file structure_25.csv (CSV, C-alpha atoms)
chain,number,residue,atom,x,y,z
G,51,MET,CA,-11.4,-22.9,-2.9
G,52,THR,CA,-10.5,-20.2,-5.4
G,53,ASN,CA,-6.8,-19.3,-5.6
G,54,ILE,CA,-5.7,-15.6,-5.7
G,55,LEU,CA,-2.1,-14.8,-6.5
G,56,VAL,CA,-0.9,-12.1,-4.2
G,57,THR,CA,2.4,-10.5,-5.2
G,58,GLY,CA,4.1,-8.9,-2.2
G,59,GLY,CA,2.0,-11.1,0.1
G,60,ALA,CA,4.8,-11.3,2.7
G,61,GLY,CA,4.8,-7.5,3.1
G,62,TYR,CA,2.8,-5.2,5.3
G,63,ILE,CA,-0.2,-4.6,3.1
G,64,GLY,CA,0.0,-7.8,1.3
G,65,SER,CA,-0.1,-10.0,4.4
G,66,HIS,CA,-3.2,-8.2,5.6
G,67,ALA,CA,-4.8,-8.7,2.2
G,68,CYS,CA,-4.0,-12.5,2.5
G,69,LYS,CA,-5.8,-12.6,5.9
G,70,VAL,CA,-9.0,-11.0,4.6
G,71,LEU,CA,-8.9,-13.1,1.4
G,72,ALA,CA,-8.7,-16.2,3.5
G,73,ALA,CA,-11.6,-15.0,5.7
G,74,ALA,CA,-13.6,-14.4,2.5
G,75,GLY,CA,-13.2,-18.0,1.4
G,76,TYR,CA,-10.2,-17.6,-1.0
G,77,THR,CA,-6.8,-19.2,-0.9
G,78,PRO,CA,-4.1,-16.5,-1.1
G,79,VAL,CA,-1.0,-17.7,-2.8
G,80,THR,CA,1.9,-15.3,-1.9
G,81,TYR,CA,4.5,-14.6,-4.5
G,82,ASP,CA,7.4,-12.6,-2.9
G,83,ASN,CA,11.2,-12.3,-3.2
G,84,LEU,CA,11.4,-11.6,0.6
G,85,ALA,CA,13.6,-8.6,0.0
G,86,THR,CA,11.3,-6.5,2.2
G,87,GLY,CA,8.7,-9.1,3.2
G,88,TRP,CA,8.8,-11.8,5.9
G,89,ARG,CA,8.2,-15.5,5.9
G,90,ASP,CA,6.6,-15.1,9.3
G,91,ALA,CA,3.9,-12.9,7.8
G,92,VAL,CA,2.7,-15.6,5.4
G,93,LYS,CA,0.1,-17.3,7.6
G,94,TYR,CA,-3.0,-17.8,5.4
G,95,GLY,CA,-1.8,-19.7,2.4
G,96,PRO,CA,1.2,-21.0,0.5
G,97,LEU,CA,4.4,-19.0,-0.2
G,98,GLU,CA,6.2,-19.1,-3.5
G,99,VAL,CA,9.5,-17.3,-3.5
G,100,GLY,CA,10.5,-15.6,-6.8
G,101,GLU,CA,11.3,-12.4,-8.6
G,102,LEU,CA,8.7,-10.4,-10.5
G,103,THR,CA,11.1,-10.2,-13.4
G,104,ASP,CA,11.5,-14.0,-13.6
G,105,ARG,CA,9.0,-15.0,-16.2
G,106,ASP,CA,9.8,-18.7,-16.1
G,107,ARG,CA,9.2,-18.7,-12.3
G,108,LEU,CA,6.0,-16.8,-12.8
G,109,ASP,CA,4.8,-19.3,-15.4
G,110,GLU,CA,5.5,-22.2,-13.0
G,111,VAL,CA,3.4,-20.6,-10.2
G,112,PHE,CA,0.5,-19.8,-12.5
G,113,ALA,CA,0.6,-23.4,-13.9
G,114,ALA,CA,0.7,-24.9,-10.4
G,115,TYR,CA,-2.1,-22.9,-8.8
G,116,ARG,CA,-4.3,-21.7,-11.7
G,117,PRO,CA,-5.3,-18.5,-9.9
G,118,ALA,CA,-8.6,-16.8,-10.8
G,119,ALA,CA,-7.1,-13.4,-10.2
G,120,VAL,CA,-3.9,-11.5,-9.4
G,121,MET,CA,-3.7,-9.0,-6.5
G,122,HIS,CA,-0.5,-7.0,-7.2
G,123,PHE,CA,1.2,-5.2,-4.3
G,124,ALA,CA,4.9,-6.0,-4.9
G,125,ALA,CA,6.8,-2.8,-5.6
G,126,LEU,CA,9.6,-0.6,-4.5
G,127,SER,CA,7.9,2.4,-2.8
G,128,LEU,CA,10.5,4.8,-1.2
G,129,VAL,CA,10.1,8.3,-2.6
G,130,GLY,CA,13.6,9.5,-1.7
G,131,GLU,CA,15.2,6.4,-3.2
G,132,SER,CA,13.1,6.7,-6.3
G,133,MET,CA,14.5,10.2,-6.8
G,134,ALA,CA,18.1,9.1,-6.3
G,135,ASP,CA,17.9,5.9,-8.3
G,136,PRO,CA,15.0,6.1,-10.9
G,137,GLY,CA,16.4,3.2,-12.9
G,138,LYS,CA,15.9,0.8,-10.0
G,139,TYR,CA,12.2,1.7,-9.9
G,140,TRP,CA,11.6,1.4,-13.6
G,141,ARG,CA,13.3,-1.9,-13.7
G,142,ASN,CA,11.6,-3.4,-10.7
G,143,ASN,CA,8.2,-1.9,-10.8
G,144,VAL,CA,7.6,-1.5,-14.5
G,145,GLN,CA,9.5,-4.4,-16.0
G,146,GLY,CA,8.4,-6.7,-13.2
G,147,SER,CA,4.8,-5.7,-13.7
G,148,LEU,CA,5.1,-6.3,-17.4
G,149,ALA,CA,6.4,-9.8,-16.8
G,150,LEU,CA,3.6,-10.5,-14.3
G,151,ILE,CA,0.9,-9.2,-16.7
G,152,GLU,CA,2.1,-11.2,-19.6
G,153,ALA,CA,2.4,-14.3,-17.5
G,154,ALA,CA,-1.2,-13.8,-16.2
G,155,ILE,CA,-2.5,-13.4,-19.8
G,156,ALA,CA,-0.6,-16.5,-21.0
G,157,ALA,CA,-2.3,-18.4,-18.1
G,158,GLN,CA,-5.7,-16.9,-19.0
G,159,CYS,CA,-5.9,-15.2,-15.6
G,160,LEU,CA,-7.6,-12.1,-16.8
G,161,ASP,CA,-8.7,-10.4,-13.5
G,162,PHE,CA,-6.1,-8.1,-12.0
G,163,VAL,CA,-6.3,-5.9,-8.9
G,164,PHE,CA,-3.5,-3.4,-8.8
G,165,SER,CA,-2.2,-1.5,-5.8
G,166,SER,CA,-1.4,1.9,-7.3
G,167,THR,CA,-0.8,5.2,-5.5
G,168,CYS,CA,-2.1,8.7,-5.3
G,169,ALA,CA,1.5,9.8,-6.0
G,170,VAL,CA,0.5,9.5,-9.7
G,171,TYR,CA,-1.2,12.9,-9.2
G,172,GLY,CA,1.7,14.9,-7.9
G,173,ASP,CA,1.1,18.0,-5.8
G,174,HIS,CA,-2.5,19.3,-5.8
G,175,ASP,CA,-3.0,21.7,-2.9
G,176,GLY,CA,-6.4,22.6,-1.6
G,177,VAL,CA,-8.3,19.9,-3.5
G,178,VAL,CA,-9.7,16.5,-2.7
G,179,LEU,CA,-8.3,14.2,-5.4
G,180,ASP,CA,-10.6,11.9,-7.3
G,181,GLU,CA,-10.2,9.4,-10.1
G,182,ASN,CA,-10.4,12.2,-12.7
G,183,SER,CA,-7.8,14.6,-11.2
G,184,PRO,CA,-4.9,15.4,-13.6
G,185,GLN,CA,-1.8,13.3,-13.1
G,186,ALA,CA,1.7,14.8,-12.8
G,187,PRO,CA,3.9,12.6,-10.6
G,188,LEU,CA,6.7,14.3,-8.8
G,189,ASN,CA,9.0,11.3,-8.5
G,190,SER,CA,10.0,8.0,-10.1
G,191,TYR,CA,7.8,6.0,-7.8
G,192,GLY,CA,4.7,7.8,-8.8
G,193,ALA,CA,5.7,7.8,-12.4
G,194,SER,CA,6.4,4.0,-12.4
G,195,LYS,CA,2.9,3.3,-10.9
G,196,ARG,CA,1.3,5.5,-13.6
G,197,ALA,CA,3.1,3.6,-16.3
G,198,ILE,CA,1.8,0.3,-14.9
G,199,GLU,CA,-1.8,1.7,-14.9
G,200,ASP,CA,-1.3,2.6,-18.6
G,201,MET,CA,0.1,-0.8,-19.2
G,202,LEU,CA,-3.0,-2.5,-17.7
G,203,GLY,CA,-5.2,-0.3,-19.9
G,204,ASN,CA,-3.3,-1.3,-23.0
G,205,PHE,CA,-3.5,-5.0,-22.2
G,206,GLY,CA,-7.1,-4.6,-21.5
G,207,GLN,CA,-7.7,-3.3,-24.9
G,208,SER,CA,-5.7,-6.0,-26.7
G,209,HIS,CA,-6.1,-9.1,-24.5
G,210,GLY,CA,-9.3,-8.6,-22.5
G,211,LEU,CA,-7.5,-8.1,-19.2
G,212,ASN,CA,-9.9,-6.6,-16.6
G,213,SER,CA,-8.3,-4.5,-13.9
G,214,VAL,CA,-9.4,-2.8,-10.7
G,215,ILE,CA,-6.9,-0.1,-9.8
G,216,PHE,CA,-6.7,1.4,-6.3
G,217,ARG,CA,-5.0,4.8,-5.7
G,218,TYR,CA,-4.3,5.7,-2.1
G,219,PHE,CA,-1.8,7.5,0.2
G,220,ASN,CA,-0.5,6.6,3.6
G,221,VAL,CA,-1.5,3.3,5.1
G,222,ALA,CA,-1.4,2.8,8.9
G,223,GLY,CA,-2.6,0.6,11.7
G,224,ALA,CA,-2.4,-3.2,12.1
G,225,ASP,CA,-4.5,-6.3,12.3
G,226,PRO,CA,-6.6,-5.8,15.4
G,227,ASP,CA,-6.2,-9.5,16.3
G,228,GLY,CA,-2.4,-8.9,16.6
G,229,GLU,CA,-1.5,-11.7,14.2
G,230,ILE,CA,0.3,-9.5,11.7
G,231,GLY,CA,1.5,-5.9,11.6
G,232,GLU,CA,3.8,-3.3,10.1
G,233,PHE,CA,7.5,-4.0,10.3
G,234,HIS,CA,10.1,-2.8,7.9
G,235,GLN,CA,13.9,-2.9,7.9
G,236,PRO,CA,14.9,-0.1,7.5
G,237,GLU,CA,11.7,1.5,8.8
G,238,THR,CA,10.6,4.6,6.8
G,239,HIS,CA,6.9,5.1,7.7
G,240,LEU,CA,5.9,7.9,10.0
G,241,ILE,CA,3.8,6.0,12.6
G,242,PRO,CA,6.1,3.0,13.3
G,243,LEU,CA,9.1,5.4,13.4
G,244,MET,CA,7.2,7.6,15.9
G,245,LEU,CA,6.3,4.5,18.0
G,246,ASP,CA,9.9,3.5,18.0
G,247,ALA,CA,10.8,6.9,19.3
G,248,ILE,CA,8.2,6.8,22.0
G,249,ASP,CA,9.4,3.4,23.0
G,250,GLY,CA,13.0,4.4,23.2
G,251,LYS,CA,14.1,2.2,20.2
G,252,ARG,CA,15.4,5.3,18.4
G,253,ASP,CA,16.5,8.6,19.9
G,254,ALA,CA,13.9,10.8,18.2
G,255,LEU,CA,11.5,11.1,15.2
G,256,THR,CA,12.9,13.3,12.4
G,257,VAL,CA,10.3,15.7,10.9
G,258,PHE,CA,11.4,16.3,7.3
G,259,GLY,CA,10.5,19.9,6.5
G,260,THR,CA,8.8,22.4,8.8
G,261,ASP,CA,8.5,25.3,6.3
G,262,TYR,CA,5.8,24.0,4.0
G,263,ASP,CA,2.8,26.2,3.2
G,264,THR,CA,0.5,24.5,5.7
G,265,PRO,CA,-1.0,25.7,9.0
G,266,ASP,CA,1.9,24.2,11.1
G,267,GLY,CA,4.6,24.0,8.4
G,268,THR,CA,4.6,20.2,8.0
G,269,CYS,CA,3.3,18.1,5.1
G,270,ILE,CA,-0.3,16.9,5.1
G,271,ARG,CA,-1.3,13.4,4.1
G,272,ASP,CA,-4.5,11.3,4.0
G,273,TYR,CA,-4.3,8.0,6.1
G,274,VAL,CA,-6.3,4.8,5.6
G,275,HIS,CA,-6.3,1.9,8.0
G,276,VAL,CA,-4.6,-1.2,6.5
G,277,MET,CA,-7.7,-3.4,7.2
G,278,ASP,CA,-10.0,-0.9,5.5
G,279,LEU,CA,-7.6,-0.8,2.6
G,280,VAL,CA,-7.4,-4.6,2.1
G,281,ASP,CA,-11.2,-4.9,2.5
G,282,ALA,CA,-11.4,-2.7,-0.6
G,283,HIS,CA,-9.1,-5.0,-2.5
G,284,VAL,CA,-11.3,-8.0,-1.7
G,285,LEU,CA,-14.3,-6.0,-3.0
G,286,GLY,CA,-12.2,-5.4,-6.1
G,287,VAL,CA,-11.8,-9.1,-6.7
G,288,LYS,CA,-15.6,-9.6,-6.3
G,289,TRP,CA,-16.2,-6.7,-8.7
G,290,LEU,CA,-14.2,-8.5,-11.3
G,291,GLU,CA,-15.8,-11.8,-10.6
G,292,GLU,CA,-19.2,-10.2,-11.3
G,293,GLY,CA,-18.0,-9.1,-14.7
G,294,LYS,CA,-18.2,-5.4,-14.0
G,295,GLY,CA,-15.0,-4.6,-16.0
G,296,SER,CA,-12.1,-2.3,-15.4
G,297,ARG,CA,-12.4,0.6,-13.0
G,298,VAL,CA,-10.2,3.0,-11.0
G,299,PHE,CA,-11.0,3.8,-7.4
G,300,CYS,CA,-9.4,6.3,-5.0
G,301,LEU,CA,-9.3,5.2,-1.4
G,302,GLY,CA,-9.1,8.0,1.2
G,303,THR,CA,-11.0,9.7,3.9
G,304,GLY,CA,-11.1,13.2,2.3
G,305,THR,CA,-9.3,14.7,5.3
G,306,GLY,CA,-5.6,14.9,5.9
G,307,PHE,CA,-3.3,15.1,9.0
G,308,SER,CA,-0.1,17.1,9.2
G,309,VAL,CA,3.0,15.4,10.6
G,310,ARG,CA,2.6,17.5,13.7
G,311,GLU,CA,-1.0,16.5,14.1
G,312,VAL,CA,-0.1,12.8,13.8
G,313,ILE,CA,2.5,13.3,16.5
G,314,GLU,CA,0.0,15.0,18.8
G,315,GLN,CA,-2.6,12.2,18.3
G,316,SER,CA,0.0,9.6,19.0
G,317,GLY,CA,1.1,11.2,22.2
G,318,LYS,CA,-2.5,11.2,23.3
G,319,VAL,CA,-3.1,7.5,22.4
G,320,THR,CA,0.1,6.2,24.0
G,321,ASN,CA,0.1,8.8,26.9
G,322,ARG,CA,3.8,9.3,26.2
G,323,GLU,CA,5.8,12.2,24.8
G,324,VAL,CA,7.2,11.9,21.2
G,325,PRO,CA,10.8,13.0,21.0
G,326,VAL,CA,11.2,15.0,17.8
G,327,VAL,CA,14.1,16.6,15.8
G,328,GLU,CA,13.6,18.8,12.8
G,329,GLY,CA,15.3,18.0,9.5
G,330,ASP,CA,15.3,19.4,5.9
G,331,ARG,CA,12.7,18.7,3.3
G,332,ARG,CA,13.1,15.5,1.3
G,333,PRO,CA,13.2,15.7,-2.5
G,334,GLY,CA,10.0,14.7,-4.2
G,335,ASP,CA,7.7,15.3,-1.2
G,336,ALA,CA,4.4,17.0,-2.0
G,337,VAL,CA,2.9,19.6,0.3
G,338,LYS,CA,-0.6,18.3,0.8
G,339,LEU,CA,-2.2,15.2,-0.6
G,340,VAL,CA,-5.8,14.2,0.3
G,341,SER,CA,-8.0,11.8,-1.5
G,342,GLY,CA,-11.7,11.2,-1.6
G,343,SER,CA,-13.5,7.9,-2.0
G,344,ARG,CA,-17.0,8.7,-3.2
G,345,ARG,CA,-16.8,6.3,-6.2
G,346,ALA,CA,-15.5,3.5,-4.0
G,347,ARG,CA,-18.3,4.1,-1.4
G,348,GLU,CA,-21.0,4.3,-4.0
G,349,GLU,CA,-20.0,1.6,-6.4
G,350,LEU,CA,-18.0,-0.9,-4.3
G,351,GLY,CA,-19.9,-0.3,-1.1
G,352,TRP,CA,-16.6,0.4,0.7
G,353,GLU,CA,-16.6,2.1,4.1
G,354,PRO,CA,-13.3,3.0,5.8
G,355,LYS,CA,-14.6,2.1,9.3
G,356,ARG,CA,-11.2,2.0,11.1
G,357,SER,CA,-9.6,4.9,9.4
G,358,VAL,CA,-9.6,7.2,12.4
G,359,MET,CA,-6.2,8.4,13.5
G,360,GLN,CA,-6.7,7.3,17.1
G,361,THR,CA,-7.7,3.8,16.0
G,362,MET,CA,-4.9,3.5,13.5
G,363,VAL,CA,-2.3,4.6,16.1
G,364,ALA,CA,-3.9,2.4,18.8
G,365,ASP,CA,-3.8,-0.7,16.6
G,366,ALA,CA,-0.3,0.0,15.5
G,367,TRP,CA,0.8,0.6,19.2
G,368,ARG,CA,-0.8,-2.7,20.2
G,369,TRP,CA,1.2,-4.6,17.6
G,370,HIS,CA,4.3,-2.6,18.4
G,371,GLN,CA,4.2,-3.7,22.0
G,372,ASN,CA,3.5,-7.3,21.0
G,373,ASP,CA,6.5,-9.7,21.5
G,374,GLY,CA,5.8,-11.0,18.0
G,375,ALA,CA,6.0,-7.6,16.4
G,376,HIS,CA,9.4,-8.2,14.8
G,377,TYR,CA,9.4,-10.8,12.1
G,378,SER,CA,12.4,-13.0,11.2
G,379,ALA,CA,13.3,-13.6,7.6
call {"tool": "encode", "arguments": {"input": "structure_25.csv", "output": "structure tokens"}}
result
Amino acid sequence: MTNILVTGGAGYIGSHACKVLAAAGYTPVTYDNLATGWRDAVKYGPLEVGELTDRDRLDEVFAAYRPAAVMHFAALSLVGESMADPGKYWRNNVQGSLALIEAAIAAQCLDFVFSSTCAVYGDHDGVVLDENSPQAPLNSYGASKRAIEDMLGNFGQSHGLNSVIFRYFNVAGADPDGEIGEFHQPETHLIPLMLDAIDGKRDALTVFGTDYDTPDGTCIRDYVHVMDLVDAHVLGVKWLEEGKGSRVFCLGTGTGFSVREVIEQSGKVTNREVPVVEGDRRPGDAVKLVSGSRRAREELGWEPKRSVMQTMVADAWRWHQNDGAHYSA
């Protein structure tokens, strides 16, 4: 079977990508330093432990597996941390991606699927973002991802590297089969934090900022189900296999949910009250970020079938209540 190198394959999104790659007939080879990923999440192919910045280790893995493509998820992604320590993000995300790209080119692995972010756009209120929207990232996380996109374009021009870039916002839900799910330490994502609060594993959910210029004062974000998201990434691999060349795709539903709306939906799905406390705004948070997916629908044939808030919360809640919902390193 065809090998695909999946960086960050022990993480939340990467592990789900490995599952759908395996189901599509590929062998996902996880490359992860396990800083935020979990050995227990690597179920569908081999695990190779290593740093993105370790070129010698990358060369070893490319030589051993001869992957046909790279699917690149590995990155630091905390907005607040990126504002406090931008150097950490530029070193890990940008320098690490440079080493990965150069190793791939040296191994003649010229198909590259990159997990980017709609944070490259910054704050665009009242519009549905698409691939041509102007970019003005508000934080070092978004800026580092934009730099990697530029890097892929440069190497495409000079070395024939073909890349599919996916930009998206919040990812939620879990594998409906219950084999893998979302688990971070520390946890920073809204829905698992909220489920912890509902379940009594934390005292309350903190809502960061209630005075934004939105109908209920809280930030608005687009949410995509993790299984829909990784389905798009497999379609991206197939796009490159078919020789269609480099392309950027936004992945979203075109509609956003405020933090308070997510809380309300979660209460309905779980039939439990969500304990909430209000906190200050976080630096680098945009007011409203919503993405369309017209190009992905029309050109890739992508359909976000599970990206309904009730479904995302229900799948996450099922995983959250599962005895296996807490990985061990």
call {"tool": "atom_distance", "arguments": {"input": "structure_25.csv", "atom1": "CA of Asp227 (chain G)", "atom2": "CA of Pro96 (chain G)"}}
result
20.9 Å
call {"tool": "atom_distance", "arguments": {"input": "structure_25.csv", "atom1": "CA of Val287 (chain G)", "atom2": "CA of Arg217 (chain G)"}}
result
15.5 Å
call {"tool": "closest_residue", "arguments": {"input": "structure_25.csv", "among": "G:Thr86, G:Thr320, G:Asn220, G:Asn143", "to": "Ala169 (chain G)", "atoms": "only C-alpha atoms"}}
result
G:Asn220
call {"tool": "atom_distance", "arguments": {"input": "structure_25.csv", "atom1": "CA of Ser147 (chain G)", "atom2": "CA of Arg297 (chain G)"}}
result
18.3 Å
call {"tool": "closest_atom_pairs", "arguments": {"input": "structure_25.csv", "of": "region 121-191 of chain G", "to": "region 78-85 of chain G", "cutoff": "12 Å", "atoms": "all atoms listed in the file", "output": "Markdown table"}}
result
| residue | atom | partner | partner_atom | distance |
| --- | --- | --- | --- | --- |
| G:Met121 | CA | G:Pro78 | CA | 9.3 |
| G:His122 | CA | G:Tyr81 | CA | 9.5 |
| G:Phe123 | CA | G:Asp82 | CA | 9.8 |
| G:Ala124 | CA | G:Asp82 | CA | 7.3 |
| G:Ala125 | CA | G:Asp82 | CA | 10.2 |
| G:Leu126 | CA | G:Ala85 | CA | 10.0 |
| G:Asn142 | CA | G:Asn83 | CA | 11.6 |
| G:Gly146 | CA | G:Asn83 | CA | 11.8 |
| G:Leu150 | CA | G:Tyr81 | CA | 10.7 |
call {"tool": "residues_near_point", "arguments": {"input": "structure_25.csv", "point": "(3.0, 19.6, 6.5)", "cutoff": "8 Å", "atoms": "only C-alpha atoms", "output": "count of residues only"}}
result
18
call {"tool": "residues_around", "arguments": {"input": "structure_25.csv", "residues": "Val324 (chain G)", "least_positions_apart": "3", "cutoff": "12 Å", "atoms": "all atoms listed in the file", "output": "number ranges by chain"}}
result
G: 240-257, 309-321, 327
call {"tool": "residues_around", "arguments": {"input": "structure_25.csv", "residues": "region 187-201 of chain G", "least_positions_apart": "5", "cutoff": "10 Å", "atoms": "only C-alpha atoms", "output": "number ranges by chain"}}
result
G: 125-148, 151, 164-173, 206-207, 213-217, 298, 333-336
